[in-house]
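Colleague: Structure incoming, see below.
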Amino acid sequence: MTHQQTPIRIGVLGTHSTGKTTLLKRIQMELRGHGLTVARTGRLAKRAAAIGLPKMQHHTAASTEWIITQGIADDIAAAAQGADVVLVDRASFDALAYYHAALEHRGEHAHRLERERLRLLASTQAPKYDLLLATVLDPDVPVDPSHDYDHRYRLLVDRHVHDLLADDGIPHHRVTSDHESQARAIERALQLCLQEAAV
């Protein structure tokens with residue numbers, strides 16, 4: 001395939017431990033199996049924590065802004081490498097949903113202008129995604145016991161992810177833990193990329 005000036009961008013978002021990274025790995029394997037070059041972004045929350053920014057239910061406006069802007073920078077860097085496809089782990093609205101959930105979890109309210117500023121920042125990225133996959137929390141799927149997750153916070157993030165996408169009318173596909181739903185998401189990504197490759 002001849003490298004496109006603008007790569008295909010596939011974003012994934014959703015609350016933690018809903019299979020986002022595994023889904024992206026499977027999509028990546030399928031795409032590479034068809035000869036496409038793939039770049040992946042990710043590990044934003046861990047990198048934020050490594051420089052001292054709060055995460056999970058402790059998210060602040062500053063940590064949210066860092067994650068969104070760093071995600072944008074990573075996306076641009078991945079595209080500049082000439083990949084056919086860029087897989088974005090934690091698309092921009094993901095950070096915003098985590099922040100809104102953190103505020104609700106703590107019983108706090110951000111200043112209206114601050115919330116609007118962060119929402120606008122996240123929304124600037126929405127048109128860049130050729131495909132957006134939003135994972136859905138299945139409370140019946142057990143969580144890795146090595147992760148000390150706050151169940152209420154996970155539920156809040158899940159709700160805010162899907163509310164934000166719905167409120168802004170952002171085209172996306174919901175992906176459940178069901179095998180068929182996962183397979184459909186992978187097939188959708190593959191078909192999109194192969195169609196573009198054929199153009």
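Ordering of the structure tokens sets the chain letters (A, B, ...); residue numbers start at 1 within each chain; ligands are numbered from 1 in the order shown.
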Could you write out, as a VMD selection string, all the residues of range 97-172 of chain A that DSSP marks as strand (DSSP E)?
Modeller: chain A and resid 131 to 135
Colleague: Considering only C-alpha atoms, tabulate each residue of range 105-179 of chain A that lies at most 12 Å from range 70-91 of chain A along with its nearest interatomic pair and the corresponding distance in Å to one decimal; arrange the rows by chain and ascending residue number and present them as a tab-separated table.
Modeller:
```
residue	atom	partner	partner_atom	distance
A:Leu121	CA	A:Ile72	CA	10.0
A:Ala122	CA	A:Ala91	CA	8.7
A:Ser123	CA	A:Ala91	CA	10.3
A:Thr124	CA	A:Ile72	CA	9.8
A:Gln125	CA	A:Ile72	CA	7.7
A:Ala126	CA	A:Ala91	CA	8.5
A:Pro127	CA	A:Ala91	CA	11.6
A:Lys128	CA	A:Asp75	CA	10.0
A:Tyr129	CA	A:Ala91	CA	8.7
A:Asp130	CA	A:Val85	CA	10.1
A:Leu131	CA	A:Leu87	CA	9.8
A:Leu132	CA	A:Ala91	CA	8.1
A:Leu133	CA	A:Ala91	CA	9.2
A:Ala134	CA	A:Ala91	CA	9.3
A:Thr135	CA	A:Arg90	CA	10.6
A:Val161	CA	A:Ala91	CA	10.5
A:Leu165	CA	A:Ala91	CA	11.3
A:His172	CA	A:Ala91	CA	11.4
```
Colleague: Using all heavy atoms, can you write the selected residues to a file as a tab-separated table (two decimals), in the first residue's frame?
Modeller:
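Result written to selection-v1.tsv:
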```
chain	number	residue	atom	x	y	z
A	121	LEU	N	-11.60	21.12	24.05
A	121	LEU	CA	-10.30	20.55	23.70
A	121	LEU	C	-10.46	19.11	23.22
A	121	LEU	O	-9.90	18.71	22.19
A	121	LEU	CB	-9.36	20.61	24.91
A	121	LEU	CG	-7.97	20.02	24.73
A	121	LEU	CD1	-7.20	20.76	23.64
A	121	LEU	CD2	-7.21	20.09	26.06
A	122	ALA	N	-11.23	18.33	23.95
A	122	ALA	CA	-11.46	16.92	23.57
A	122	ALA	C	-12.21	16.83	22.24
A	122	ALA	O	-11.89	16.00	21.39
A	122	ALA	CB	-12.22	16.19	24.66
A	123	SER	N	-13.19	17.72	22.06
A	123	SER	CA	-14.05	17.64	20.87
A	123	SER	C	-13.30	18.00	19.60
A	123	SER	O	-13.73	17.60	18.50
A	123	SER	CB	-15.28	18.52	21.04
A	123	SER	OG	-14.92	19.89	21.05
A	124	THR	N	-12.19	18.72	19.70
A	124	THR	CA	-11.42	19.06	18.49
A	124	THR	C	-10.88	17.82	17.80
A	124	THR	O	-10.58	17.85	16.60
A	124	THR	CB	-10.24	19.99	18.81
A	124	THR	OG1	-9.32	19.33	19.69
A	124	THR	CG2	-10.70	21.30	19.43
A	125	GLN	N	-10.76	16.73	18.54
A	125	GLN	CA	-10.18	15.51	17.97
A	125	GLN	C	-11.21	14.59	17.33
A	125	GLN	O	-10.86	13.70	16.55
A	125	GLN	CB	-9.42	14.74	19.06
A	125	GLN	CG	-8.28	15.52	19.68
A	125	GLN	CD	-7.34	16.08	18.62
A	125	GLN	OE1	-6.67	15.32	17.92
A	125	GLN	NE2	-7.29	17.39	18.49
A	126	ALA	N	-12.48	14.77	17.67
A	126	ALA	CA	-13.52	13.85	17.19
A	126	ALA	C	-13.53	13.68	15.67
A	126	ALA	O	-13.64	12.55	15.18
A	126	ALA	CB	-14.89	14.31	17.70
A	127	PRO	N	-13.39	14.75	14.88
A	127	PRO	CA	-13.44	14.58	13.42
A	127	PRO	C	-12.26	13.77	12.86
A	127	PRO	O	-12.32	13.31	11.72
A	127	PRO	CB	-13.41	16.02	12.89
A	127	PRO	CG	-13.81	16.88	14.04
A	127	PRO	CD	-13.32	16.17	15.25
A	128	LYS	N	-11.21	13.61	13.64
A	128	LYS	CA	-10.02	12.90	13.14
A	128	LYS	C	-10.20	11.39	13.12
A	128	LYS	O	-9.48	10.68	12.41
A	128	LYS	CB	-8.80	13.26	14.00
A	128	LYS	CG	-8.35	14.70	13.86
A	128	LYS	CD	-7.27	15.05	14.86
A	128	LYS	CE	-5.97	14.36	14.57
A	128	LYS	NZ	-4.89	14.85	15.48
A	129	TYR	N	-11.15	10.87	13.90
A	129	TYR	CA	-11.31	9.43	13.99
A	129	TYR	C	-12.16	8.89	12.84
A	129	TYR	O	-13.29	9.32	12.64
A	129	TYR	CB	-11.95	9.03	15.33
A	129	TYR	CG	-11.19	9.50	16.54
A	129	TYR	CD1	-11.75	10.38	17.45
A	129	TYR	CD2	-9.87	9.07	16.76
A	129	TYR	CE1	-11.05	10.82	18.56
A	129	TYR	CE2	-9.17	9.51	17.86
A	129	TYR	CZ	-9.75	10.38	18.75
A	129	TYR	OH	-9.04	10.82	19.85
A	130	ASP	N	-11.60	7.96	12.10
A	130	ASP	CA	-12.36	7.31	11.04
A	130	ASP	C	-13.28	6.24	11.62
A	130	ASP	O	-14.29	5.90	11.02
A	130	ASP	CB	-11.39	6.67	10.04
A	130	ASP	CG	-10.53	7.71	9.35
A	130	ASP	OD1	-11.07	8.42	8.48
A	130	ASP	OD2	-9.34	7.85	9.70
A	131	LEU	N	-12.90	5.74	12.79
A	131	LEU	CA	-13.70	4.73	13.49
A	131	LEU	C	-13.46	4.89	14.98
A	131	LEU	O	-12.31	4.99	15.42
A	131	LEU	CB	-13.30	3.32	13.05
A	131	LEU	CG	-14.00	2.14	13.74
A	131	LEU	CD1	-15.50	2.14	13.47
A	131	LEU	CD2	-13.38	0.81	13.28
A	132	LEU	N	-14.54	4.96	15.75
A	132	LEU	CA	-14.44	5.11	17.20
A	132	LEU	C	-15.17	3.95	17.85
A	132	LEU	O	-16.35	3.72	17.59
A	132	LEU	CB	-15.06	6.45	17.62
A	132	LEU	CG	-14.65	7.05	18.97
A	132	LEU	CD1	-13.14	7.20	19.08
A	132	LEU	CD2	-15.33	8.40	19.17
A	133	LEU	N	-14.46	3.22	18.69
A	133	LEU	CA	-15.02	2.05	19.37
A	133	LEU	C	-15.08	2.34	20.87
A	133	LEU	O	-14.06	2.67	21.48
A	133	LEU	CB	-14.14	0.82	19.11
A	133	LEU	CG	-13.92	0.44	17.64
A	133	LEU	CD1	-12.87	-0.66	17.52
A	133	LEU	CD2	-15.23	0.02	16.99
A	134	ALA	N	-16.27	2.22	21.43
A	134	ALA	CA	-16.47	2.49	22.86
A	134	ALA	C	-16.83	1.20	23.58
A	134	ALA	O	-17.89	0.62	23.33
A	134	ALA	CB	-17.57	3.54	23.06
A	135	THR	N	-15.95	0.74	24.45
A	135	THR	CA	-16.22	-0.49	25.17
A	135	THR	C	-17.28	-0.25	26.24
A	135	THR	O	-17.43	0.85	26.76
A	135	THR	CB	-14.94	-1.05	25.84
A	135	THR	OG1	-14.39	-0.07	26.73
A	135	THR	CG2	-13.90	-1.43	24.79
A	161	VAL	N	-18.58	8.05	29.77
A	161	VAL	CA	-18.06	7.81	28.40
A	161	VAL	C	-19.21	7.82	27.40
A	161	VAL	O	-19.20	8.55	26.40
A	161	VAL	CB	-17.30	6.47	28.32
A	161	VAL	CG1	-17.16	6.01	26.87
A	161	VAL	CG2	-15.93	6.57	28.97
A	165	LEU	N	-20.43	10.80	24.47
A	165	LEU	CA	-20.53	10.47	23.05
A	165	LEU	C	-21.94	10.73	22.53
A	165	LEU	O	-22.12	11.27	21.44
A	165	LEU	CB	-20.15	9.01	22.83
A	165	LEU	CG	-18.69	8.65	23.10
A	165	LEU	CD1	-18.49	7.14	22.99
A	165	LEU	CD2	-17.75	9.37	22.13
A	172	HIS	N	-20.02	6.44	16.79
A	172	HIS	CA	-19.16	5.43	17.43
A	172	HIS	C	-19.90	4.10	17.42
A	172	HIS	O	-21.09	4.03	17.13
A	172	HIS	CB	-18.82	5.84	18.85
A	172	HIS	CG	-20.01	5.89	19.77
A	172	HIS	ND1	-20.92	6.94	19.76
A	172	HIS	CD2	-20.46	5.02	20.72
A	172	HIS	CE1	-21.86	6.71	20.65
A	172	HIS	NE2	-21.62	5.55	21.24
```
Colleague: Can you pull out every residue from chain A that DSSP, working from the backbone, puts in alpha helix (DSSP H), and format the result as an NGL selection string?
Modeller: :A and (20-33 or 44-50 or 61-80 or 92-106 or 112-123 or 151-167 or 179-198)
Colleague: Just the residues within 10 Å of range 43-55 of chain A, please, counting only C-alpha atoms, with nothing from its chain fewer than 3 positions along; format it as a count of residues only.
Modeller: 19
Colleague: Measuring between only C-alpha atoms, which one of A:Val141, A:Glu114, A:Thr41, A:His179 shows the shortest distance to Val12 in chain A?
Modeller: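 Smallest separation from Val12 in chain A among the options: A:Thr41.
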Colleague: Need to verify the contact set: His16 in chain A, 10 Å, only C-alpha atoms, exclusion of same-chain residues closer than 4 positions in sequence. Can you return it as a PyMOL selection string?
Modeller: chain A and resi 20-21+56+98+135+137+143+149+153-155+157-158
Colleague: Rank A:Val175, A:Leu24, A:Ala97, A:Leu31 by their smallest atom-to-atom distance to Cys193 in chain A, using only C-alpha atoms, and report the top residue only.
Modeller: A:Leu31
Colleague: Excluding same-chain residues fewer than 6 positions from Asp163 in chain A, what lies within 12 Å of it counting only C-alpha atoms, as a ChimeraX atom specification?
Modeller: /A:14,93-94,96-97,100-101,134,136,156-157,169-170
Colleague: Kindly give the distance, in Å, that separates CA of Ile186 in chain A and CA of Arg119 in chain A, rounded to a single decimal.
Modeller: 28.5 Å
Colleague: Go ahead and compute the interatomic distance for CA of Arg40 in chain A and CA of Gln28 in chain A, in Å to one decimal.
Modeller: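 Between these atoms lies a distance of 8.4 Å.
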Colleague: I need the residue nearest Ile10 in chain A from this list: A:Arg106, A:Ala39, A:Thr22, A:Arg32. Use only C-alpha atoms for the distance.
Modeller: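 Ranked by minimum distance to Ile10 in chain A, first place goes to A:Ala39.
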Colleague: CA of Arg159 in chain A and CA of His111 in chain A are how many Å apart?
Modeller: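 These two atoms are separated by 21.1 Å.
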